[in-house]
file coords07.txt (compact mmCIF, C-alpha atoms)
# COMPACT_ATOMS: atom_id res chain seq x y z
CA MET A 297 0.00 0.00 0.00
CA ARG A 298 1.15 3.54 -0.74
CA SER A 299 2.06 5.71 2.21
CA VAL A 300 -0.05 8.79 2.93
CA HIS A 301 3.19 10.77 2.55
CA SER A 302 2.81 10.36 -1.22
CA ASN A 303 -0.16 12.72 -0.99
CA ILE A 304 2.14 15.69 -0.38
CA PRO A 305 3.94 15.83 -3.77
CA ARG A 306 0.67 14.88 -5.47
CA LEU A 307 -1.08 17.82 -3.81
CA TYR A 308 1.73 20.11 -4.99
CA ALA A 309 1.22 18.87 -8.54
CA PHE A 310 -2.56 19.12 -8.25
CA SER A 311 -2.30 22.74 -7.11
CA PHE A 312 -0.07 23.52 -10.10
CA LEU A 313 -2.46 21.85 -12.56
CA GLN A 314 -5.57 23.38 -10.97
CA MET A 315 -4.29 26.90 -11.59
CA THR A 316 -2.65 26.31 -14.99
CA LEU A 317 -5.61 27.97 -16.66
CA PHE A 318 -4.66 28.64 -20.27
CA PRO A 319 -8.04 30.20 -21.20
CA MET A 320 -8.24 32.69 -18.32
CA ALA A 321 -6.01 35.40 -19.79
CA ILE A 322 -8.08 35.44 -23.00
CA ILE A 323 -11.51 34.26 -21.84
CA THR A 324 -13.12 37.70 -22.16
CA LEU A 325 -11.94 37.97 -25.76
CA PHE A 326 -13.32 34.49 -26.47
CA TRP A 327 -16.70 35.38 -24.96
CA LYS A 328 -16.97 38.58 -26.98
CA ASP A 329 -15.45 37.55 -30.31
CA HIS A 330 -16.42 33.89 -30.65
CA ILE A 331 -19.60 33.52 -28.59
CA GLY A 332 -20.87 37.06 -29.20
CA LEU A 333 -21.61 37.94 -25.57
CA SER A 334 -22.19 41.50 -24.48
CA LEU A 335 -20.48 43.06 -21.46
CA THR A 336 -23.76 42.80 -19.55
CA GLN A 337 -23.92 39.05 -20.23
CA ILE A 338 -20.27 38.63 -19.19
CA LEU A 339 -20.90 40.37 -15.86
CA LEU A 340 -24.03 38.28 -15.39
CA LEU A 341 -21.93 35.14 -15.88
CA GLN A 342 -19.57 36.22 -13.10
CA GLY A 343 -22.56 36.77 -10.84
CA ILE A 344 -23.93 33.32 -11.65
CA LEU A 345 -20.53 31.73 -10.99
CA SER A 346 -20.27 33.44 -7.60
CA VAL A 347 -23.80 32.38 -6.62
CA VAL A 348 -23.08 28.76 -7.63
CA MET A 349 -19.95 28.73 -5.49
CA VAL A 350 -21.83 30.29 -2.57
CA LEU A 351 -24.59 27.67 -2.80
CA MET A 352 -22.19 24.75 -3.23
CA GLU A 353 -19.38 25.86 -0.88
CA TYR A 354 -20.58 24.36 2.39
CA PRO A 355 -22.47 21.34 0.93
CA SER A 356 -19.33 20.32 -0.98
CA GLY A 357 -17.24 20.52 2.20
CA TYR A 358 -19.82 18.53 4.12
CA VAL A 359 -19.89 15.84 1.42
CA SER A 360 -16.09 15.79 1.39
CA ASP A 361 -16.01 15.07 5.12
CA ARG A 362 -18.37 12.13 4.55
CA ILE A 363 -17.19 10.51 1.30
CA GLY A 364 -13.50 11.38 1.58
CA TYR A 365 -11.18 14.10 0.34
CA ARG A 366 -9.71 11.99 -2.47
CA VAL A 367 -13.14 11.24 -3.93
CA SER A 368 -14.14 14.89 -3.66
CA LEU A 369 -11.02 16.03 -5.56
CA SER A 370 -11.58 13.35 -8.21
CA LEU A 371 -15.17 14.52 -8.67
CA ALA A 372 -13.91 18.10 -9.01
CA SER A 373 -11.44 17.02 -11.71
CA LEU A 374 -14.17 15.19 -13.63
CA LEU A 375 -16.43 18.24 -13.50
CA GLY A 376 -13.49 20.33 -14.74
CA ILE A 377 -13.04 18.05 -17.77
CA ILE A 378 -16.75 18.30 -18.64
CA GLY A 379 -16.95 22.05 -18.04
CA TRP A 380 -13.98 22.94 -20.24
CA GLY A 381 -15.15 20.37 -22.77
CA ILE A 382 -18.43 22.27 -23.20
CA TYR A 383 -16.43 25.36 -24.15
CA THR A 384 -15.05 23.58 -27.22
CA VAL A 385 -18.58 23.29 -28.66
CA ALA A 386 -20.18 26.37 -27.06
CA THR A 387 -22.08 28.72 -29.36
CA SER A 388 -24.45 30.59 -27.02
CA PHE A 389 -24.85 32.21 -23.61
CA THR A 390 -26.66 29.09 -22.37
CA HIS A 391 -23.72 26.83 -23.27
CA VAL A 392 -21.26 29.13 -21.51
CA MET A 393 -23.52 29.41 -18.46
CA LEU A 394 -23.71 25.61 -18.19
CA ALA A 395 -19.91 25.36 -18.45
CA GLU A 396 -19.44 28.02 -15.75
CA ILE A 397 -21.91 26.28 -13.40
CA LEU A 398 -19.96 23.01 -13.73
CA LEU A 399 -16.62 24.77 -13.25
CA GLY A 400 -17.95 26.66 -10.23
CA THR A 401 -19.14 23.38 -8.69
CA SER A 402 -15.72 21.88 -9.41
CA LEU A 403 -13.99 24.72 -7.54
CA ALA A 404 -16.39 24.29 -4.63
CA PHE A 405 -15.45 20.62 -4.28
CA ILE A 406 -11.76 21.53 -4.28
CA SER A 407 -12.21 24.33 -1.75
CA GLY A 408 -11.29 22.96 1.68
CA SER A 409 -10.76 19.38 0.48
CA ASP A 410 -7.17 19.85 -0.71
CA SER A 411 -6.12 21.72 2.45
CA ALA A 412 -7.96 19.25 4.68
CA LEU A 413 -6.28 16.30 2.94
CA LEU A 414 -2.87 17.94 3.43
CA TYR A 415 -3.49 18.58 7.13
CA GLU A 416 -4.86 15.08 7.84
CA THR A 417 -1.93 13.55 5.94
CA LEU A 418 0.55 15.49 8.09
CA LYS A 419 -1.43 14.76 11.22
CA GLN A 420 -1.28 11.00 10.56
CA GLU A 421 2.51 11.36 10.25
CA GLY A 422 2.72 13.48 13.42
CA ALA A 423 3.99 16.42 11.35
CA GLU A 424 1.05 18.86 11.47
CA ALA A 425 3.41 21.49 12.90
CA HIS A 426 4.85 21.76 9.35
CA TYR A 427 1.45 22.46 7.79
CA SER A 428 2.16 26.15 7.02
CA ARG A 429 5.32 25.23 5.11
CA HIS A 430 3.53 22.68 2.93
CA GLN A 431 0.46 24.90 2.44
CA GLY A 432 2.80 27.67 1.33
CA ARG A 433 4.39 25.34 -1.19
CA MET A 434 0.94 24.35 -2.49
CA SER A 435 0.09 28.03 -2.93
CA GLY A 436 3.44 28.61 -4.60
CA PHE A 437 2.89 25.81 -7.10
CA ALA A 438 -0.64 27.12 -7.77
CA GLN A 439 0.55 30.64 -8.50
CA GLY A 440 3.40 29.27 -10.61
CA GLY A 441 0.87 27.36 -12.69
CA GLU A 442 -1.26 30.46 -13.14
CA ALA A 443 1.76 32.51 -14.18
CA LEU A 444 2.75 29.85 -16.72
CA GLY A 445 -0.74 29.77 -18.19
CA ALA A 446 -0.83 33.57 -18.48
CA VAL A 447 2.53 33.79 -20.27
CA PHE A 448 1.58 31.43 -23.11
CA ALA A 449 -2.19 32.01 -23.31
CA GLY A 450 -2.04 34.87 -25.81
CA VAL A 451 0.27 33.05 -28.20
CA ILE A 452 -1.81 29.86 -28.06
CA TYR A 453 -5.06 31.78 -28.59
CA ALA A 454 -3.61 33.64 -31.58
CA TYR A 455 -2.61 30.30 -33.15
CA ALA A 456 -6.01 28.62 -32.61
CA ALA A 457 -8.87 30.05 -30.58
CA LEU A 458 -10.04 26.68 -29.22
CA LEU A 459 -6.57 25.35 -28.41
CA PRO A 460 -6.42 26.82 -24.86
CA PHE A 461 -9.66 24.99 -24.01
CA ILE A 462 -8.46 21.72 -25.53
CA LEU A 463 -5.24 21.98 -23.51
CA GLN A 464 -7.31 22.69 -20.41
CA ILE A 465 -9.19 19.41 -20.84
CA GLY A 466 -5.83 17.64 -20.90
CA VAL A 467 -4.74 19.50 -17.75
CA TRP A 468 -7.80 18.32 -15.84
CA GLY A 469 -7.33 14.80 -17.20
CA LEU A 470 -3.87 14.78 -15.59
CA ALA A 471 -5.41 16.17 -12.40
CA LEU A 472 -7.90 13.29 -12.34
CA LEU A 473 -5.09 10.75 -12.65
CA LEU A 474 -3.33 12.44 -9.72
CA THR A 475 -6.35 12.52 -7.43
CA ARG A 476 -7.14 8.86 -8.15
CA SER A 477 -3.62 7.95 -6.98
CA MET A 478 -3.92 9.79 -3.64
CA VAL A 479 -4.38 7.95 -0.33
CA GLU A 480 -7.25 8.75 2.05
CA PRO A 481 -5.83 9.23 5.58
CA VAL A 482 -7.37 7.40 8.51
CA ARG A 483 -9.39 9.95 10.46
CA GLU A 484 -12.33 10.42 12.75
CA ILE A 485 -15.76 10.49 11.11
CA ALA A 486 -18.47 12.24 13.08
CA PRO A 487 -21.53 10.10 13.96
CA HIS A 488 -24.28 10.83 11.48
CA ALA A 489 -27.12 12.70 13.20
CA GLY A 490 -28.87 14.13 10.15
CA HIS A 491 -27.42 16.34 7.44
CA LEU A 492 -29.08 19.57 8.58
CA LYS A 493 -28.25 18.93 12.23
CA GLU A 494 -24.59 18.28 11.39
CA ALA A 495 -24.40 21.42 9.26
CA LEU A 496 -25.93 23.56 12.01
CA ARG A 497 -23.61 22.01 14.60
CA THR A 498 -20.54 22.82 12.52
CA THR A 499 -21.74 26.38 11.88
CA ARG A 500 -22.50 26.91 15.56
CA TYR A 501 -19.05 25.70 16.54
CA ALA A 502 -17.30 27.94 14.00
CA PHE A 503 -19.21 31.16 14.67
CA GLN A 504 -20.56 30.86 18.20
CA GLU A 505 -18.67 28.41 20.38
CA ASN A 506 -15.12 29.11 19.20
CA LYS A 507 -14.47 32.87 19.24
CA GLY A 508 -10.90 32.49 18.02
CA LEU A 509 -12.08 30.54 14.98
CA ARG A 510 -14.88 33.07 14.37
CA TYR A 511 -12.56 36.05 14.12
CA THR A 512 -9.96 34.06 12.19
CA ILE A 513 -12.58 33.27 9.53
CA LEU A 514 -13.88 36.84 9.43
CA LEU A 515 -10.43 38.45 9.22
CA ASN A 516 -9.26 35.97 6.59
CA SER A 517 -12.35 36.75 4.49
CA VAL A 518 -11.79 40.52 4.62
CA LEU A 519 -8.06 40.17 3.89
CA GLY A 520 -8.98 37.96 0.96
CA ILE A 521 -11.44 40.54 -0.38
CA ALA A 522 -8.79 43.26 -0.06
CA SER A 523 -6.52 41.31 -2.41
CA PHE A 524 -9.38 40.17 -4.69
CA TYR A 525 -10.91 43.49 -5.80
CA PRO A 526 -7.70 44.52 -7.61
CA VAL A 527 -7.75 41.28 -9.62
CA TRP A 528 -10.79 42.64 -11.48
CA LEU A 529 -9.86 46.34 -11.35
CA ILE A 530 -6.15 46.37 -12.15
CA GLN A 531 -6.51 45.86 -15.92
CA PRO A 532 -8.80 48.87 -16.54
CA TYR A 533 -6.64 50.80 -14.04
CA MET A 534 -3.55 50.06 -16.14
CA GLN A 535 -5.41 50.87 -19.35
CA ASN A 536 -6.52 54.24 -17.97
CA GLY A 537 -2.96 54.91 -16.79
CA GLY A 538 -1.56 54.44 -20.28
CA VAL A 539 0.26 51.16 -19.61
CA PRO A 540 1.12 49.51 -22.99
CA LEU A 541 -0.97 46.44 -23.81
CA THR A 542 2.20 44.40 -24.30
CA TRP A 543 2.91 44.80 -20.56
CA PHE A 544 -0.35 43.22 -19.41
CA GLY A 545 0.73 39.57 -19.68
CA PRO A 546 4.09 40.04 -17.92
CA VAL A 547 2.48 42.21 -15.20
CA TRP A 548 -0.08 39.44 -14.54
CA SER A 549 2.65 36.78 -14.47
CA VAL A 550 4.84 38.79 -12.09
CA ALA A 551 1.86 39.29 -9.79
CA ASN A 552 1.28 35.54 -9.60
CA LEU A 553 4.96 34.81 -9.11
CA THR A 554 5.01 37.36 -6.27
CA VAL A 555 2.15 35.53 -4.58
CA ALA A 556 3.97 32.23 -5.13
CA LEU A 557 7.28 33.39 -3.66
CA CYS A 558 5.61 35.00 -0.65
CA ALA A 559 3.51 31.90 -0.02
CA LEU A 560 6.66 29.77 -0.09
CA THR A 561 8.34 32.01 2.50
CA SER A 562 5.25 32.62 4.65
CA HIS A 563 6.15 30.05 7.32
CA ARG A 564 9.63 31.57 7.68
CA ALA A 565 8.15 35.05 8.03
CA VAL A 566 5.76 33.79 10.73
CA ARG A 567 8.66 32.12 12.54
CA TYR A 568 10.61 35.39 12.50
CA LEU A 569 7.82 37.93 13.14
CA GLY A 570 5.15 35.89 14.91
CA ASN A 571 1.42 35.93 14.09
CA ARG A 572 0.81 39.24 15.87
CA PHE A 573 3.28 41.28 13.80
CA MET A 574 2.41 39.40 10.62
CA THR A 575 -1.21 40.50 11.05
CA ILE A 576 -0.11 44.11 11.55
CA LEU A 577 2.08 43.78 8.43
CA PHE A 578 -1.00 42.69 6.43
CA LEU A 579 -2.80 45.84 7.57
CA VAL A 580 0.14 48.06 6.59
CA LEU A 581 0.49 46.44 3.15
CA ILE A 582 -3.23 46.91 2.41
CA ILE A 583 -3.21 50.56 3.44
CA ALA A 584 -0.02 51.30 1.48
CA GLY A 585 -1.24 49.39 -1.57
CA TYR A 586 -4.62 51.09 -1.81
CA LEU A 587 -3.11 54.48 -0.97
CA GLY A 588 -0.62 54.12 -3.83
CA LEU A 589 -3.22 52.85 -6.31
CA GLY A 590 -5.67 55.59 -5.40
CA VAL A 591 -3.29 58.54 -5.12
CA VAL A 592 -0.23 57.93 -7.30
CA GLY A 593 -1.76 56.59 -10.53
CA GLY A 594 0.07 57.10 -13.80
CA ILE A 595 1.90 54.52 -15.87
CA TRP A 596 3.75 53.08 -12.84
CA GLY A 597 0.87 53.19 -10.37
CA PHE A 598 0.19 49.48 -10.89
CA LEU A 599 3.40 48.68 -8.96
CA PHE A 600 1.47 49.30 -5.73
CA TYR A 601 -0.68 46.29 -6.72
CA TYR A 602 2.30 44.13 -5.86
CA LEU A 603 2.02 45.18 -2.19
CA LEU A 604 -1.38 43.49 -2.18
CA THR A 605 -0.08 40.37 -3.93
CA ILE A 606 2.70 40.18 -1.31
CA MET A 607 0.04 40.33 1.40
CA ARG A 608 -2.01 37.69 -0.40
CA GLY A 609 0.93 35.28 -0.58
CA LEU A 610 2.00 35.74 3.04
CA ARG A 611 -1.58 35.58 4.35
CA GLY A 612 -2.76 32.30 2.85
CA PRO A 613 -0.58 29.70 4.61
CA MET A 614 -0.55 31.56 7.94
CA MET A 615 -4.31 32.11 8.21
CA LEU A 616 -5.12 28.62 6.96
CA ASN A 617 -2.79 27.16 9.56
CA LEU A 618 -4.58 29.10 12.33
CA THR A 619 -7.95 27.90 11.02
CA GLN A 620 -6.77 24.29 10.74
CA ALA A 621 -5.50 24.32 14.33
CA GLU A 622 -9.04 25.06 15.56
CA CYS A 623 -10.84 22.51 13.34
CA PRO A 624 -11.88 19.06 14.62
CA SER A 625 -10.91 16.32 12.17
CA ALA A 626 -14.49 15.16 11.67
CA ASN A 627 -15.61 18.54 10.29
CA ARG A 628 -12.37 19.98 8.92
CA ALA A 629 -13.39 20.34 5.26
CA GLY A 630 -16.80 21.66 6.28
CA ILE A 631 -15.30 24.45 8.39
CA LEU A 632 -12.77 25.34 5.69
CA SER A 633 -15.66 25.52 3.23
CA LEU A 634 -17.53 27.79 5.65
CA GLN A 635 -14.53 30.09 5.54
CA SER A 636 -14.60 30.11 1.74
CA LEU A 637 -18.38 30.63 1.90
CA CYS A 638 -17.88 33.79 3.97
CA PHE A 639 -15.43 35.13 1.40
CA ARG A 640 -17.77 34.32 -1.51
CA LEU A 641 -20.79 35.88 0.20
CA LEU A 642 -18.77 38.99 0.94
CA PHE A 643 -17.75 39.24 -2.70
CA VAL A 644 -21.27 38.56 -4.05
CA CYS A 645 -22.66 41.34 -1.81
CA SER A 646 -19.90 43.90 -2.35
CA GLY A 647 -18.41 43.12 -5.77
CA PRO A 648 -21.26 44.54 -7.91
CA LEU A 649 -21.32 47.70 -5.76
CA VAL A 650 -17.57 48.17 -6.26
CA GLY A 651 -18.05 47.65 -10.01
CA LYS A 652 -20.82 50.27 -10.15
CA LEU A 653 -18.62 52.66 -8.19
CA ALA A 654 -15.78 52.14 -10.67
CA ASP A 655 -18.12 52.84 -13.60
CA ALA A 656 -19.35 56.00 -11.91
CA VAL A 657 -16.16 57.61 -10.58
CA GLY A 658 -13.31 55.69 -12.25
CA VAL A 659 -11.07 52.88 -11.07
CA ARG A 660 -8.42 55.07 -9.45
CA GLN A 661 -10.96 56.94 -7.32
CA THR A 662 -12.56 53.60 -6.41
CA PHE A 663 -9.25 52.42 -4.94
CA HIS A 664 -9.19 55.67 -2.97
CA TYR A 665 -12.66 55.03 -1.52
CA LEU A 666 -11.81 51.40 -0.78
CA LEU A 667 -8.84 52.65 1.26
CA TYR A 668 -11.23 54.49 3.58
CA ALA A 669 -13.50 51.44 3.82
CA PHE A 670 -10.64 49.16 4.86
CA LEU A 671 -9.36 51.78 7.33
CA LEU A 672 -12.76 51.60 9.03
CA ILE A 673 -13.19 47.80 8.93
CA LEU A 674 -9.76 46.24 9.38
CA PRO A 675 -8.31 47.83 12.57
CA PRO A 676 -11.21 46.75 14.87
CA LEU A 677 -11.32 43.33 13.21
CA VAL A 678 -7.56 42.89 13.68
CA PHE A 679 -7.98 43.87 17.35
CA LEU A 680 -10.74 41.27 17.91
CA PHE A 681 -8.72 38.64 16.06
CA LEU A 682 -5.58 39.18 18.15
CA ARG A 683 -7.60 39.43 21.36
CA ASN A 684 -9.24 36.04 20.80
CA LEU A 685 -6.26 34.23 19.28
CA PRO A 686 -4.93 31.53 21.65
CA ARG A 687 -1.91 32.88 23.54
CA GLU A 688 0.40 30.19 22.16
CA ASN A 689 -0.38 31.40 18.62
CA LEU A 690 0.26 35.09 19.20
CA ASP A 691 4.05 34.98 18.76

call {"tool": "encode", "arguments": {"input": "coords07.txt", "output": "structure tokens"}}
result
Amino acid sequence: MRSVHSNIPRLYAFSFLQMTLFPMAIITLFWKDHIGLSLTQILLLQGILSVVMVLMEYPSGYVSDRIGYRVSLSLASLLGIIGWGIYTVATSFTHVMLAEILLGTSLAFISGSDSALLYETLKQEGAEAHYSRHQGRMSGFAQGGEALGAVFAGVIYAYAALLPFILQIGVWGLALLLTRSMVEPVREIAPHAGHLKEALRTTRYAFQENKGLRYTILLNSVLGIASFYPVWLIQPYMQNGGVPLTWFGPVWSVANLTVALCALTSHRAVRYLGNRFMTILFLVLIIAGYLGLGVVGGIWGFLFYYLLTIMRGLRGPMMLNLTQAECPSANRAGILSLQSLCFRLLFVCSGPLVGKLADAVGVRQTFHYLLYAFLLILPPLVFLFLRNLPRENLD
């Protein structure tokens, strides 16, 4: 029998494949030029995708806890193959919507399951103390895959419009082979007391009974949103600032590589600074990043975006490690999915408003207003997080 230790390199490879998304850098062009979608339809698609992920986020984590992480990741890979396959024959908004629903469901089944499998694998080996290091490496491989996909996407698309989607089917086929070869760790399975009762029990534990976990989830969600808005706003920001179109691909790749490098070094930064000062560093990076994007502008204003990608890379492994430490094994994927659910709900509620604001006052001014919003929200949330963090995790 294979050792559970073999899961670790397989999870690295899965993270790389999951984010090697050849179509993503050109998907808007494909929607407009080959499917004939309007901008309104494209924005509607993003809303539908977010709603699907919100609806499926917790149920997928709950199912993962019951049927196993390996099966959940395999199901996600299969859905990825089908979803990208639909794109190769898509000719209408309905076809694209169906593909996006399947891909959103696939992402929901991955969310929480890969991190939970990593933690339970390390726990079975008595090495859960090294979780942050391995989670950072997973994040690094993921961002490396995304950077690779972005670099070559334009060239591939110019050669043949459907080729990025055909390659993506192959990528998810490799991911399926990987997940099928993983080993399910031996772990505690909670006694079944009814699906709704179990879901309510997990939610009550995360948001009512465990204050440290509650504020960890809330802070992680807001930090995630702070680094997520610029993903959708930075391209029009660069366009308005006069950045040459030829820079867009390299800028996107460098951003992902920055996240990857910072994720890889996150555990070392935590060891040197401690969780308390790392959290304060996140606050400083967000304020400086939004201040620069909102005030400086110009052709080089986008460089302040990298402060937010640095925060994103450092944040992921550290905050996930703190969440994992508070999760019982029986409901680990469910709680991690609850955390992702909070982030998705926050984006569904706030994202369209931020988009309308950008249309009304411009992207640069929107970053300026977002700076004030985060100055109001983050300091008290950081205070509550640090106040309720277990003493042994403060430094």

call {"tool": "residues_around", "arguments": {"input": "coords07.txt", "residues": "Ala669 (chain A)", "least_positions_apart": "2", "cutoff": "12 Å", "atoms": "all atoms listed in the file", "output": "PyMOL selection string"}}
result
chain A and resi 518+521-522+582-583+586-587+646+650+662-667+671-675

call {"tool": "write_last_selection", "arguments": {"input": "coords07.txt", "atoms": "C-alpha atoms", "output": "JSON list (two decimals), keeping the file's coordinate frame"}}
result
[["chain", "number", "residue", "atom", "x", "y", "z"],
["A", 518, "VAL", "CA", -11.79, 40.52, 4.62],
["A", 521, "ILE", "CA", -11.44, 40.54, -0.38],
["A", 522, "ALA", "CA", -8.79, 43.26, -0.06],
["A", 582, "ILE", "CA", -3.23, 46.91, 2.41],
["A", 583, "ILE", "CA", -3.21, 50.56, 3.44],
["A", 586, "TYR", "CA", -4.62, 51.09, -1.81],
["A", 587, "LEU", "CA", -3.11, 54.48, -0.97],
["A", 646, "SER", "CA", -19.90, 43.90, -2.35],
["A", 650, "VAL", "CA", -17.57, 48.17, -6.26],
["A", 662, "THR", "CA", -12.56, 53.60, -6.41],
["A", 663, "PHE", "CA", -9.25, 52.42, -4.94],
["A", 664, "HIS", "CA", -9.19, 55.67, -2.97],
["A", 665, "TYR", "CA", -12.66, 55.03, -1.52],
["A", 666, "LEU", "CA", -11.81, 51.40, -0.78],
["A", 667, "LEU", "CA", -8.84, 52.65, 1.26],
["A", 671, "LEU", "CA", -9.36, 51.78, 7.33],
["A", 672, "LEU", "CA", -12.76, 51.60, 9.03],
["A", 673, "ILE", "CA", -13.19, 47.80, 8.93],
["A", 674, "LEU", "CA", -9.76, 46.24, 9.38],
["A", 675, "PRO", "CA", -8.31, 47.83, 12.57]]

call {"tool": "closest_residue", "arguments": {"input": "coords07.txt", "among": "A:Ala471, A:Ser373, A:Ile382, A:Leu463", "to": "Ala404 (chain A)", "atoms": "only C-alpha atoms"}}
result
A:Ser373

call {"tool": "closest_residue", "arguments": {"input": "coords07.txt", "among": "A:Thr387, A:Asn536, A:Ser311, A:Gln431", "to": "Val659 (chain A)", "atoms": "all atoms listed in the file"}}
result
A:Asn536

call {"tool": "closest_residue", "arguments": {"input": "coords07.txt", "among": "A:Ser402, A:Thr390, A:Gln337, A:Gln535", "to": "Leu369 (chain A)", "atoms": "all atoms listed in the file"}}
result
A:Ser402

call {"tool": "closest_residue", "arguments": {"input": "coords07.txt", "among": "A:Ile595, A:Leu553, A:Leu403, A:Leu345", "to": "Ser633 (chain A)", "atoms": "only C-alpha atoms"}}
result
A:Leu403

call {"tool": "atom_distance", "arguments": {"input": "coords07.txt", "atom1": "CA of Leu604 (chain A)", "atom2": "CA of Gly570 (chain A)"}}
result
19.8 Å

call {"tool": "atom_distance", "arguments": {"input": "coords07.txt", "atom1": "CA of Val539 (chain A)", "atom2": "CA of Phe437 (chain A)"}}
result
28.4 Å

call {"tool": "atom_distance", "arguments": {"input": "coords07.txt", "atom1": "CA of Leu577 (chain A)", "atom2": "CA of Phe679 (chain A)"}}
result
13.4 Å

call {"tool": "residues_near_point", "arguments": {"input": "coords07.txt", "point": "(-18.7, 22.4, 5.4)", "cutoff": "9 Å", "atoms": "only C-alpha atoms", "output": "JSON, numbers by chain"}}
result
{"A": [353, 354, 355, 356, 357, 358, 359, 360, 361, 408, 495, 498, 499, 627, 628, 629, 630, 631, 632, 633, 634, 635, 637]}

call {"tool": "residues_around", "arguments": {"input": "coords07.txt", "residues": "Gly609 (chain A)", "least_positions_apart": "5", "cutoff": "8 Å", "atoms": "all atoms listed in the file", "output": "count of residues only"}}
result
9

call {"tool": "closest_residue", "arguments": {"input": "coords07.txt", "among": "A:Ile378, A:Val479, A:Leu307, A:Val451", "to": "Gly436 (chain A)", "atoms": "all atoms listed in the file"}}
result
A:Leu307

call {"tool": "closest_residue", "arguments": {"input": "coords07.txt", "among": "A:Phe670, A:Phe389, A:Tyr525, A:Trp380", "to": "Phe578 (chain A)", "atoms": "only C-alpha atoms"}}
result
A:Phe670

call {"tool": "residues_around", "arguments": {"input": "coords07.txt", "residues": "Thr619 (chain A)", "least_positions_apart": "3", "cutoff": "10 Å", "atoms": "all atoms listed in the file", "output": "number ranges by chain"}}
result
A: 502, 508-513, 516, 613-616, 622-623, 628, 631-632, 635

call {"tool": "residues_around", "arguments": {"input": "coords07.txt", "residues": "Val678 (chain A)", "least_positions_apart": "6", "cutoff": "9 Å", "atoms": "only C-alpha atoms", "output": "number ranges by chain"}}
result
A: 511, 515, 575-576, 579

call {"tool": "decode", "arguments": {"input": "coords07.txt", "residues": "region 515-549 of chain A", "atoms": "C-alpha atoms", "output": "mmCIF file, in the first residue's frame"}}
result
data_model
loop_
_atom_site.group_PDB
_atom_site.id
_atom_site.type_symbol
_atom_site.label_atom_id
_atom_site.label_comp_id
_atom_site.auth_asym_id
_atom_site.auth_seq_id
_atom_site.Cartn_x
_atom_site.Cartn_y
_atom_site.Cartn_z
ATOM 1 C CA LEU A 515 -10.435 38.451 9.215
ATOM 2 C CA ASN A 516 -9.265 35.970 6.589
ATOM 3 C CA SER A 517 -12.349 36.746 4.494
ATOM 4 C CA VAL A 518 -11.787 40.519 4.624
ATOM 5 C CA LEU A 519 -8.065 40.165 3.889
ATOM 6 C CA GLY A 520 -8.984 37.955 0.957
ATOM 7 C CA ILE A 521 -11.439 40.541 -0.380
ATOM 8 C CA ALA A 522 -8.790 43.265 -0.063
ATOM 9 C CA SER A 523 -6.515 41.312 -2.411
ATOM 10 C CA PHE A 524 -9.379 40.169 -4.688
ATOM 11 C CA TYR A 525 -10.908 43.491 -5.797
ATOM 12 C CA PRO A 526 -7.696 44.522 -7.609
ATOM 13 C CA VAL A 527 -7.748 41.278 -9.623
ATOM 14 C CA TRP A 528 -10.790 42.642 -11.477
ATOM 15 C CA LEU A 529 -9.855 46.337 -11.354
ATOM 16 C CA ILE A 530 -6.146 46.369 -12.153
ATOM 17 C CA GLN A 531 -6.513 45.861 -15.920
ATOM 18 C CA PRO A 532 -8.803 48.875 -16.543
ATOM 19 C CA TYR A 533 -6.643 50.799 -14.041
ATOM 20 C CA MET A 534 -3.548 50.062 -16.143
ATOM 21 C CA GLN A 535 -5.412 50.868 -19.351
ATOM 22 C CA ASN A 536 -6.521 54.245 -17.973
ATOM 23 C CA GLY A 537 -2.958 54.911 -16.789
ATOM 24 C CA GLY A 538 -1.555 54.439 -20.277
ATOM 25 C CA VAL A 539 0.264 51.163 -19.612
ATOM 26 C CA PRO A 540 1.116 49.509 -22.988
ATOM 27 C CA LEU A 541 -0.969 46.445 -23.812
ATOM 28 C CA THR A 542 2.199 44.401 -24.296
ATOM 29 C CA TRP A 543 2.908 44.798 -20.561
ATOM 30 C CA PHE A 544 -0.352 43.215 -19.414
ATOM 31 C CA GLY A 545 0.735 39.572 -19.675
ATOM 32 C CA PRO A 546 4.088 40.035 -17.922
ATOM 33 C CA VAL A 547 2.480 42.214 -15.204
ATOM 34 C CA TRP A 548 -0.077 39.440 -14.545
ATOM 35 C CA SER A 549 2.647 36.783 -14.469
#
